[in-house]
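Novice: Next comes run_18.pdb, PDB, C-alpha atoms:
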ATOM      1  CA  MET R  18      -2.801   0.461  13.989  1.00  0.00           C
ATOM      2  CA  SER R  19       0.609   1.591  12.750  1.00  0.00           C
ATOM      3  CA  LEU R  20       1.148   4.422  10.306  1.00  0.00           C
ATOM      4  CA  HIS R  21       2.810   3.582   7.000  1.00  0.00           C
ATOM      5  CA  GLN R  22       4.610   6.197   4.941  1.00  0.00           C
ATOM      6  CA  THR R  23       5.306   5.758   1.212  1.00  0.00           C
ATOM      7  CA  ILE R  24       8.213   7.829  -0.083  1.00  0.00           C
ATOM      8  CA  GLU R  25      10.471   8.160  -3.094  1.00  0.00           C
ATOM      9  CA  ILE R  26      14.168   7.541  -2.497  1.00  0.00           C
ATOM     10  CA  ASN R  27      16.578   9.319  -4.833  1.00  0.00           C
ATOM     11  CA  THR R  28      20.039   9.207  -3.253  1.00  0.00           C
ATOM     12  CA  LEU R  29      22.668   6.489  -3.162  1.00  0.00           C
ATOM     13  CA  PRO R  30      22.994   6.441   0.663  1.00  0.00           C
ATOM     14  CA  GLU R  31      19.202   6.119   1.113  1.00  0.00           C
ATOM     15  CA  MET R  32      19.084   3.243  -1.375  1.00  0.00           C
ATOM     16  CA  LEU R  33      22.078   1.457   0.119  1.00  0.00           C
ATOM     17  CA  ALA R  34      20.419   1.602   3.541  1.00  0.00           C
ATOM     18  CA  GLN R  35      17.633  -0.667   2.195  1.00  0.00           C
ATOM     19  CA  ILE R  36      19.884  -3.551   1.112  1.00  0.00           C
ATOM     20  CA  GLU R  37      18.330  -5.964   3.621  1.00  0.00           C
ATOM     21  CA  VAL R  38      14.957  -5.752   1.879  1.00  0.00           C
ATOM     22  CA  MET R  39      16.632  -6.125  -1.540  1.00  0.00           C
ATOM     23  CA  GLN R  40      18.313  -9.263  -0.212  1.00  0.00           C
ATOM     24  CA  CYS R  41      14.862 -10.820   0.307  1.00  0.00           C
ATOM     25  CA  LEU R  42      14.777 -11.137  -3.501  1.00  0.00           C
ATOM     26  CA  TYR R  43      18.537 -11.413  -4.102  1.00  0.00           C
ATOM     27  CA  PRO R  44      20.111 -13.159  -1.072  1.00  0.00           C
ATOM     28  CA  LYS R  45      23.604 -13.108  -2.620  1.00  0.00           C
ATOM     29  CA  LEU R  46      23.551  -9.359  -3.339  1.00  0.00           C
ATOM     30  CA  THR R  47      26.540  -7.711  -1.674  1.00  0.00           C
ATOM     31  CA  ILE R  48      26.716  -4.066  -0.697  1.00  0.00           C
ATOM     32  CA  GLU R  49      29.590  -3.613  -3.159  1.00  0.00           C
ATOM     33  CA  LYS R  50      27.630  -5.071  -6.113  1.00  0.00           C
ATOM     34  CA  TYR R  51      24.483  -3.155  -5.121  1.00  0.00           C
ATOM     35  CA  LYS R  52      26.433   0.111  -4.933  1.00  0.00           C
ATOM     36  CA  SER R  53      28.128  -0.464  -8.304  1.00  0.00           C
ATOM     37  CA  TYR R  54      24.759  -1.118  -9.977  1.00  0.00           C
ATOM     38  CA  LEU R  55      23.110   1.902  -8.353  1.00  0.00           C
ATOM     39  CA  ILE R  56      25.957   4.186  -9.450  1.00  0.00           C
ATOM     40  CA  GLU R  57      25.151   3.189 -13.039  1.00  0.00           C
ATOM     41  CA  MET R  58      21.370   3.271 -12.641  1.00  0.00           C
ATOM     42  CA  ILE R  59      20.685   6.514 -10.749  1.00  0.00           C
ATOM     43  CA  PRO R  60      21.863   8.823 -13.580  1.00  0.00           C
ATOM     44  CA  LYS R  61      19.429   6.977 -15.914  1.00  0.00           C
ATOM     45  CA  ASN R  62      16.256   8.176 -14.142  1.00  0.00           C
ATOM     46  CA  TYR R  63      16.315   5.391 -11.533  1.00  0.00           C
ATOM     47  CA  SER R  64      14.681   5.927  -8.160  1.00  0.00           C
ATOM     48  CA  GLN R  65      13.079   3.738  -5.528  1.00  0.00           C
ATOM     49  CA  ILE R  66       9.681   3.830  -3.880  1.00  0.00           C
ATOM     50  CA  ALA R  67       9.501   2.443  -0.346  1.00  0.00           C
ATOM     51  CA  VAL R  68       6.884   1.890   2.330  1.00  0.00           C
ATOM     52  CA  PHE R  69       8.127   2.474   5.860  1.00  0.00           C
ATOM     53  CA  GLU R  70       6.693   1.837   9.284  1.00  0.00           C
ATOM     54  CA  ASN R  71       8.712   4.146  11.519  1.00  0.00           C
ATOM     55  CA  ASP R  72      12.296   3.444  10.333  1.00  0.00           C
ATOM     56  CA  THR R  73      11.599  -0.069   9.031  1.00  0.00           C
ATOM     57  CA  CYS R  74      11.295  -0.628   5.281  1.00  0.00           C
ATOM     58  CA  LEU R  75       8.380  -3.006   4.642  1.00  0.00           C
ATOM     59  CA  GLY R  76       8.498  -2.981   0.857  1.00  0.00           C
ATOM     60  CA  ILE R  77      10.455  -1.370  -1.944  1.00  0.00           C
ATOM     61  CA  THR R  78      10.545  -1.168  -5.705  1.00  0.00           C
ATOM     62  CA  GLY R  79      12.849   0.485  -8.146  1.00  0.00           C
ATOM     63  CA  CYS R  80      11.509   2.371 -11.127  1.00  0.00           C
ATOM     64  CA  TRP R  81      12.745   4.358 -14.053  1.00  0.00           C
ATOM     65  CA  TYR R  82      11.213   6.054 -17.008  1.00  0.00           C
ATOM     66  CA  GLY R  83      12.080   6.469 -20.640  1.00  0.00           C
ATOM     67  CA  THR R  84      10.582   6.547 -24.110  1.00  0.00           C
ATOM     68  CA  LYS R  85      10.213   3.717 -26.617  1.00  0.00           C
ATOM     69  CA  LEU R  86       8.747   3.761 -30.106  1.00  0.00           C
ATOM     70  CA  TRP R  87       6.067   1.163 -29.315  1.00  0.00           C
ATOM     71  CA  SER R  88       4.808   2.863 -26.170  1.00  0.00           C
ATOM     72  CA  GLY R  89       5.902   6.460 -25.973  1.00  0.00           C
ATOM     73  CA  LYS R  90       6.903   7.563 -22.488  1.00  0.00           C
ATOM     74  CA  TYR R  91       6.720   4.735 -19.938  1.00  0.00           C
ATOM     75  CA  LEU R  92       7.625   4.013 -16.334  1.00  0.00           C
ATOM     76  CA  GLU R  93       9.162   0.613 -15.569  1.00  0.00           C
ATOM     77  CA  ILE R  94       8.855  -1.162 -12.238  1.00  0.00           C
ATOM     78  CA  ASP R  95      12.062  -2.978 -11.332  1.00  0.00           C
ATOM     79  CA  ASN R  96      12.689  -5.384  -8.413  1.00  0.00           C
ATOM     80  CA  PHE R  97       9.341  -5.240  -6.617  1.00  0.00           C
ATOM     81  CA  ILE R  98       9.813  -6.581  -3.080  1.00  0.00           C
ATOM     82  CA  VAL R  99       7.608  -6.788  -0.012  1.00  0.00           C
ATOM     83  CA  HIS R 100       9.402  -8.163   3.033  1.00  0.00           C
ATOM     84  CA  PRO R 101       8.045 -11.689   3.749  1.00  0.00           C
ATOM     85  CA  ASP R 102       6.957 -10.644   7.265  1.00  0.00           C
ATOM     86  CA  HIS R 103       4.705  -7.927   5.825  1.00  0.00           C
ATOM     87  CA  ARG R 104       3.039  -9.583   2.830  1.00  0.00           C
ATOM     88  CA  ARG R 105      -0.746  -9.567   2.420  1.00  0.00           C
ATOM     89  CA  LYS R 106      -1.023  -6.289   4.359  1.00  0.00           C
ATOM     90  CA  GLY R 107      -1.572  -3.922   1.412  1.00  0.00           C
ATOM     91  CA  ILE R 108       2.091  -2.873   1.100  1.00  0.00           C
ATOM     92  CA  GLY R 109       2.311  -3.985  -2.543  1.00  0.00           C
ATOM     93  CA  LYS R 110      -0.818  -2.028  -3.438  1.00  0.00           C
ATOM     94  CA  ARG R 111       0.613   1.072  -1.767  1.00  0.00           C
ATOM     95  CA  LEU R 112       3.720   0.677  -3.936  1.00  0.00           C
ATOM     96  CA  THR R 113       1.817   0.170  -7.210  1.00  0.00           C
ATOM     97  CA  ASP R 114      -0.532   3.074  -6.434  1.00  0.00           C
ATOM     98  CA  PHE R 115       2.449   5.376  -5.801  1.00  0.00           C
ATOM     99  CA  VAL R 116       4.192   4.207  -8.981  1.00  0.00           C
ATOM    100  CA  GLN R 117       1.030   4.732 -11.022  1.00  0.00           C
ATOM    101  CA  GLN R 118       0.638   8.297  -9.738  1.00  0.00           C
ATOM    102  CA  LYS R 119       4.315   8.986 -10.484  1.00  0.00           C
ATOM    103  CA  ALA R 120       3.789   7.716 -14.049  1.00  0.00           C
ATOM    104  CA  ILE R 121       0.748   9.967 -14.472  1.00  0.00           C
ATOM    105  CA  ASP R 122       2.668  12.955 -13.086  1.00  0.00           C
ATOM    106  CA  LEU R 123       5.506  12.263 -15.561  1.00  0.00           C
ATOM    107  CA  GLY R 124       3.064  12.069 -18.489  1.00  0.00           C
ATOM    108  CA  CYS R 125       3.691   8.383 -19.146  1.00  0.00           C
ATOM    109  CA  THR R 126       1.367   6.361 -21.371  1.00  0.00           C
ATOM    110  CA  ASN R 127       1.877   3.131 -19.415  1.00  0.00           C
ATOM    111  CA  VAL R 128       3.625   1.309 -16.599  1.00  0.00           C
ATOM    112  CA  VAL R 129       5.588  -1.826 -17.498  1.00  0.00           C
ATOM    113  CA  LEU R 130       7.316  -4.586 -15.547  1.00  0.00           C
ATOM    114  CA  ASP R 131       8.872  -8.013 -15.895  1.00  0.00           C
ATOM    115  CA  ALA R 132       7.989 -11.001 -13.716  1.00  0.00           C
ATOM    116  CA  PHE R 133       9.715 -14.353 -13.887  1.00  0.00           C
ATOM    117  CA  THR R 134       7.569 -16.915 -15.719  1.00  0.00           C
ATOM    118  CA  THR R 135       7.477 -19.191 -12.650  1.00  0.00           C
ATOM    119  CA  ASN R 136       6.478 -16.489 -10.141  1.00  0.00           C
ATOM    120  CA  PHE R 137       2.747 -17.220 -10.097  1.00  0.00           C
ATOM    121  CA  THR R 138       2.184 -15.308  -6.859  1.00  0.00           C
ATOM    122  CA  ALA R 139       3.517 -12.149  -8.512  1.00  0.00           C
ATOM    123  CA  HIS R 140       1.439 -12.782 -11.645  1.00  0.00           C
ATOM    124  CA  ARG R 141      -1.743 -12.982  -9.562  1.00  0.00           C
ATOM    125  CA  PHE R 142      -0.826  -9.787  -7.700  1.00  0.00           C
ATOM    126  CA  TYR R 143      -0.112  -7.855 -10.909  1.00  0.00           C
ATOM    127  CA  TYR R 144      -3.321  -9.074 -12.570  1.00  0.00           C
ATOM    128  CA  ASN R 145      -5.239  -7.900  -9.503  1.00  0.00           C
ATOM    129  CA  GLN R 146      -3.594  -4.467  -9.858  1.00  0.00           C
ATOM    130  CA  GLY R 147      -4.746  -4.161 -13.506  1.00  0.00           C
ATOM    131  CA  TYR R 148      -1.558  -5.292 -15.259  1.00  0.00           C
ATOM    132  CA  GLY R 149      -1.617  -7.822 -18.077  1.00  0.00           C
ATOM    133  CA  PRO R 150       0.868  -9.400 -20.460  1.00  0.00           C
ATOM    134  CA  LYS R 151       1.482  -7.542 -23.707  1.00  0.00           C
ATOM    135  CA  GLY R 152       4.241  -9.779 -25.083  1.00  0.00           C
ATOM    136  CA  PHE R 153       7.294 -11.770 -24.130  1.00  0.00           C
ATOM    137  CA  HIS R 154      10.552 -10.446 -22.723  1.00  0.00           C
ATOM    138  CA  PHE R 155      13.218 -12.583 -24.378  1.00  0.00           C
ATOM    139  CA  VAL R 156      16.664 -12.868 -22.819  1.00  0.00           C
ATOM    140  CA  LYS R 157      19.908 -14.259 -24.203  1.00  0.00           C
ATOM    141  CA  ILE R 158      22.418 -14.761 -21.380  1.00  0.00           C
ATOM    142  CA  LEU R 159      25.887 -13.600 -22.426  1.00  0.00           C
ATOM    143  CA  ASN R 160      27.553 -13.712 -19.035  1.00  0.00           C
ATOM    144  CA  SER R 161      25.886 -15.161 -15.970  1.00  0.00           C
ATOM    145  CA  GLU R 162      28.372 -13.487 -13.585  1.00  0.00           C
ATOM    146  CA  GLY R 163      26.085 -10.537 -12.884  1.00  0.00           C
ATOM    147  CA  LEU R 164      22.857 -12.519 -12.598  1.00  0.00           C
ATOM    148  CA  MET R 165      21.291 -12.939  -9.184  1.00  0.00           C
TER
END
Turn the structure described in the file into structure tokens.

Specialist:
Amino acid sequence: MSLHQTIEINTLPEMLAQIEVMQCLYPKLTIEKYKSYLIEMIPKNYSQIAVFENDTCLGITGCWYGTKLWSGKYLEIDNFIVHPDHRRKGIGKRLTDFVQQKAIDLGCTNVVLDAFTTNFTAHRFYYNQGYGPKGFHFVKILNSEGLM
């Protein structure tokens, strides 16, 4: 049995090194676009949580925290990805468990995330992890250039 390690990634070079796993969700994501987004996101409390087997990233999620009037301090999961070759092996649970502990350590009142309305596999996974819908996330597209 192989040993998996779950770690938090905080630096731009470490995040850029995981682009191949990010491209499982966003196949058209270029290193240049990824870098430009990360440069904006990292100063806003953005980090990534990743599960590795040796030097191979099996799954990764971004997260950031903030405070909103409706919720108080929260941690948001962003771009939750388990490599297709490693799904149904507990990698996603390792990620959500790590994120939950991080939220507790930060004093957050809740963990939030968005999932596309058609991604029923993700919905089932999140329900099984104790997440449930609280409302709708409405979006008005102003410029589709940056959308993946």

Novice: How many Å lie between CA of Arg141 (chain R) and CA of Gln35 (chain R), rounded to one decimal?

Specialist: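 Separating CA of Arg141 (chain R) from CA of Gln35 (chain R) is a distance of 25.8 Å.
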
Novice: What would the selection look like, as a list of chain:residue names, if the PyMOL selection byres ((chain R and resi 93-98) around 9) were run on the coordinates I just shared?

Specialist: R:Val38, R:Met39, R:Cys41, R:Leu42, R:Gln65, R:Leu75, R:Gly76, R:Ile77, R:Thr78, R:Gly79, R:Cys80, R:Trp81, R:Tyr82, R:Gly83, R:Tyr91, R:Leu92, R:Val99, R:His100, R:Pro101, R:Gly109, R:Leu112, R:Thr113, R:Val116, R:Asn127, R:Val128, R:Val129, R:Leu130, R:Asp131

Novice: My list of candidates is R:Thr126, R:Phe137, R:Phe153, R:Gln22. Which is closest to Phe69 (chain R) when distances are computed with all atoms listed in the file?

Specialist: R:Gln22

Novice: Could you spell out the hits of the PyMOL selection byres ((chain R and resi 59) around 12) on the shown file, as a VMD selection string?

Specialist: chain R and resid 26 to 32 51 to 58 60 to 65 79 to 82

Novice: Of the residues R:Ile48, R:Gly89, R:His21, R:Ala132, which is the one nearest to Ala34 (chain R), using all atoms listed in the file?

Specialist: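 Checking each of R:Ile48, R:Gly89, R:His21, R:Ala132 against Ala34 (chain R), counting all atoms listed in the file, the winner is R:Ile48.
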
Novice: Would you kindly return, as a list of chain:residue names, each protein, DNA or RNA residue with an atom no farther than 8 Å from any atom of Gln146 (chain R), considering only C-alpha atoms and excluding same-chain residues fewer than 3 positions away?

Specialist: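 Here the qualifying residues turn out to be R:Lys110, R:Thr113, R:Phe142, R:Tyr143.
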
Novice: Please expand the PyMOL selection byres ((chain R and resi 123) around 9) into the concrete residues it hits in this file, giving the result as an MDAnalysis selection string.

Specialist: chainID R and resid 82 90:92 118:122 124:125

Novice: What separation in Å, quoted to one decimal, exists between CA of Ile24 (chain R) and CA of Phe115 (chain R)?

Specialist: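 Atom-to-atom, CA of Ile24 (chain R) to CA of Phe115 (chain R), that is 8.5 Å.
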
Novice: Specify the axis-aligned box that encloses all atoms of region 100-111 of chain R listed in the file after padding of 3 Å on each side, stating its centre and edge lengths in Å to one decimal as JSON.

Specialist:
{"center_x": 3.9, "center_y": -5.3, "center_z": 1.9, "size_x": 17.0, "size_y": 18.8, "size_z": 16.7}

Novice: How far is it from CA of Thr47 (chain R) to CA of Cys74 (chain R), in Å with one decimal?

Specialist: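 CA of Cys74 (chain R) lies at a distance of 18.2 Å from CA of Thr47 (chain R).
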
Novice: Model the absent atoms of region 50-61 of chain R so that all heavy atoms are present, and write the result as a PDB file, keeping the file's coordinate frame.

Specialist:
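Resulting contents of selection-v7.pdb:
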ATOM      1  N   LYS R  50      28.302  -4.869  -4.823  1.00  0.00           N
ATOM      2  CA  LYS R  50      27.630  -5.071  -6.113  1.00  0.00           C
ATOM      3  C   LYS R  50      26.426  -4.134  -6.221  1.00  0.00           C
ATOM      4  O   LYS R  50      26.200  -3.504  -7.257  1.00  0.00           O
ATOM      5  CB  LYS R  50      27.202  -6.536  -6.244  1.00  0.00           C
ATOM      6  CG  LYS R  50      26.482  -6.864  -7.523  1.00  0.00           C
ATOM      7  CD  LYS R  50      27.363  -6.833  -8.733  1.00  0.00           C
ATOM      8  CE  LYS R  50      28.181  -8.085  -8.841  1.00  0.00           C
ATOM      9  NZ  LYS R  50      28.952  -8.152 -10.079  1.00  0.00           N
ATOM     10  N   TYR R  51      25.652  -4.030  -5.142  1.00  0.00           N
ATOM     11  CA  TYR R  51      24.483  -3.155  -5.121  1.00  0.00           C
ATOM     12  C   TYR R  51      24.902  -1.713  -5.404  1.00  0.00           C
ATOM     13  O   TYR R  51      24.322  -1.026  -6.235  1.00  0.00           O
ATOM     14  CB  TYR R  51      23.803  -3.294  -3.759  1.00  0.00           C
ATOM     15  CG  TYR R  51      22.472  -2.604  -3.593  1.00  0.00           C
ATOM     16  CD1 TYR R  51      21.525  -2.563  -4.598  1.00  0.00           C
ATOM     17  CD2 TYR R  51      22.137  -2.016  -2.369  1.00  0.00           C
ATOM     18  CE1 TYR R  51      20.299  -1.948  -4.413  1.00  0.00           C
ATOM     19  CE2 TYR R  51      20.909  -1.409  -2.175  1.00  0.00           C
ATOM     20  CZ  TYR R  51      20.000  -1.379  -3.202  1.00  0.00           C
ATOM     21  OH  TYR R  51      18.785  -0.774  -3.012  1.00  0.00           O
ATOM     22  N   LYS R  52      25.948  -1.258  -4.736  1.00  0.00           N
ATOM     23  CA  LYS R  52      26.433   0.111  -4.933  1.00  0.00           C
ATOM     24  C   LYS R  52      26.889   0.319  -6.372  1.00  0.00           C
ATOM     25  O   LYS R  52      26.561   1.342  -6.991  1.00  0.00           O
ATOM     26  CB  LYS R  52      27.578   0.404  -3.960  1.00  0.00           C
ATOM     27  CG  LYS R  52      28.094   1.828  -4.057  1.00  0.00           C
ATOM     28  CD  LYS R  52      29.172   2.092  -3.016  1.00  0.00           C
ATOM     29  CE  LYS R  52      29.646   3.534  -3.091  1.00  0.00           C
ATOM     30  NZ  LYS R  52      30.667   3.814  -2.055  1.00  0.00           N
ATOM     31  N   SER R  53      27.627  -0.637  -6.933  1.00  0.00           N
ATOM     32  CA  SER R  53      28.128  -0.464  -8.304  1.00  0.00           C
ATOM     33  C   SER R  53      26.972  -0.386  -9.300  1.00  0.00           C
ATOM     34  O   SER R  53      27.016   0.403 -10.247  1.00  0.00           O
ATOM     35  CB  SER R  53      29.099  -1.589  -8.676  1.00  0.00           C
ATOM     36  OG  SER R  53      28.430  -2.815  -8.852  1.00  0.00           O
ATOM     37  N   TYR R  54      25.927  -1.186  -9.097  1.00  0.00           N
ATOM     38  CA  TYR R  54      24.759  -1.118  -9.977  1.00  0.00           C
ATOM     39  C   TYR R  54      24.038   0.218  -9.827  1.00  0.00           C
ATOM     40  O   TYR R  54      23.662   0.853 -10.821  1.00  0.00           O
ATOM     41  CB  TYR R  54      23.782  -2.254  -9.680  1.00  0.00           C
ATOM     42  CG  TYR R  54      24.219  -3.614 -10.156  1.00  0.00           C
ATOM     43  CD1 TYR R  54      23.582  -4.748  -9.687  1.00  0.00           C
ATOM     44  CD2 TYR R  54      25.251  -3.798 -11.074  1.00  0.00           C
ATOM     45  CE1 TYR R  54      23.954  -6.019 -10.115  1.00  0.00           C
ATOM     46  CE2 TYR R  54      25.631  -5.056 -11.499  1.00  0.00           C
ATOM     47  CZ  TYR R  54      24.978  -6.163 -11.018  1.00  0.00           C
ATOM     48  OH  TYR R  54      25.345  -7.411 -11.445  1.00  0.00           O
ATOM     49  N   LEU R  55      23.822   0.647  -8.584  1.00  0.00           N
ATOM     50  CA  LEU R  55      23.110   1.902  -8.353  1.00  0.00           C
ATOM     51  C   LEU R  55      23.848   3.093  -8.950  1.00  0.00           C
ATOM     52  O   LEU R  55      23.215   4.013  -9.491  1.00  0.00           O
ATOM     53  CB  LEU R  55      22.877   2.114  -6.858  1.00  0.00           C
ATOM     54  CG  LEU R  55      21.873   1.169  -6.200  1.00  0.00           C
ATOM     55  CD1 LEU R  55      21.876   1.376  -4.690  1.00  0.00           C
ATOM     56  CD2 LEU R  55      20.476   1.363  -6.776  1.00  0.00           C
ATOM     57  N   ILE R  56      25.165   3.093  -8.874  1.00  0.00           N
ATOM     58  CA  ILE R  56      25.957   4.186  -9.450  1.00  0.00           C
ATOM     59  C   ILE R  56      25.700   4.296 -10.951  1.00  0.00           C
ATOM     60  O   ILE R  56      25.670   5.392 -11.505  1.00  0.00           O
ATOM     61  CB  ILE R  56      27.453   4.004  -9.123  1.00  0.00           C
ATOM     62  CG1 ILE R  56      27.689   4.314  -7.636  1.00  0.00           C
ATOM     63  CG2 ILE R  56      28.336   4.870 -10.009  1.00  0.00           C
ATOM     64  CD1 ILE R  56      29.073   3.940  -7.131  1.00  0.00           C
ATOM     65  N   GLU R  57      25.479   3.172 -11.601  1.00  0.00           N
ATOM     66  CA  GLU R  57      25.151   3.189 -13.039  1.00  0.00           C
ATOM     67  C   GLU R  57      23.692   3.549 -13.286  1.00  0.00           C
ATOM     68  O   GLU R  57      23.372   4.206 -14.272  1.00  0.00           O
ATOM     69  CB  GLU R  57      25.435   1.821 -13.653  1.00  0.00           C
ATOM     70  CG  GLU R  57      26.908   1.497 -13.783  1.00  0.00           C
ATOM     71  CD  GLU R  57      27.134   0.202 -14.545  1.00  0.00           C
ATOM     72  OE1 GLU R  57      26.461   0.011 -15.582  1.00  0.00           O
ATOM     73  OE2 GLU R  57      27.977  -0.587 -14.113  1.00  0.00           O
ATOM     74  N   MET R  58      22.800   3.128 -12.405  1.00  0.00           N
ATOM     75  CA  MET R  58      21.370   3.271 -12.641  1.00  0.00           C
ATOM     76  C   MET R  58      20.818   4.653 -12.303  1.00  0.00           C
ATOM     77  O   MET R  58      19.966   5.180 -13.031  1.00  0.00           O
ATOM     78  CB  MET R  58      20.618   2.199 -11.838  1.00  0.00           C
ATOM     79  CG  MET R  58      20.935   0.781 -12.292  1.00  0.00           C
ATOM     80  SD  MET R  58      20.507  -0.514 -11.100  1.00  0.00           S
ATOM     81  CE  MET R  58      18.737  -0.373 -11.013  1.00  0.00           C
ATOM     82  N   ILE R  59      21.259   5.244 -11.213  1.00  0.00           N
ATOM     83  CA  ILE R  59      20.685   6.514 -10.749  1.00  0.00           C
ATOM     84  C   ILE R  59      20.740   7.613 -11.819  1.00  0.00           C
ATOM     85  O   ILE R  59      19.736   8.309 -12.024  1.00  0.00           O
ATOM     86  CB  ILE R  59      21.322   6.959  -9.410  1.00  0.00           C
ATOM     87  CG1 ILE R  59      20.906   5.986  -8.297  1.00  0.00           C
ATOM     88  CG2 ILE R  59      20.941   8.386  -9.053  1.00  0.00           C
ATOM     89  CD1 ILE R  59      21.662   6.157  -6.987  1.00  0.00           C
ATOM     90  N   PRO R  60      21.854   7.775 -12.545  1.00  0.00           N
ATOM     91  CA  PRO R  60      21.863   8.823 -13.580  1.00  0.00           C
ATOM     92  C   PRO R  60      20.911   8.553 -14.757  1.00  0.00           C
ATOM     93  O   PRO R  60      20.680   9.434 -15.575  1.00  0.00           O
ATOM     94  CB  PRO R  60      23.314   8.837 -14.070  1.00  0.00           C
ATOM     95  CG  PRO R  60      24.107   8.174 -12.999  1.00  0.00           C
ATOM     96  CD  PRO R  60      23.183   7.183 -12.365  1.00  0.00           C
ATOM     97  N   LYS R  61      20.339   7.347 -14.818  1.00  0.00           N
ATOM     98  CA  LYS R  61      19.429   6.977 -15.914  1.00  0.00           C
ATOM     99  C   LYS R  61      17.968   6.994 -15.446  1.00  0.00           C
ATOM    100  O   LYS R  61      17.182   6.133 -15.822  1.00  0.00           O
ATOM    101  CB  LYS R  61      19.824   5.606 -16.463  1.00  0.00           C
ATOM    102  CG  LYS R  61      21.217   5.619 -17.070  1.00  0.00           C
ATOM    103  CD  LYS R  61      21.660   4.239 -17.488  1.00  0.00           C
ATOM    104  CE  LYS R  61      23.083   4.332 -18.027  1.00  0.00           C
ATOM    105  NZ  LYS R  61      23.809   3.094 -17.906  1.00  0.00           N
TER     106      LYS R  61
END
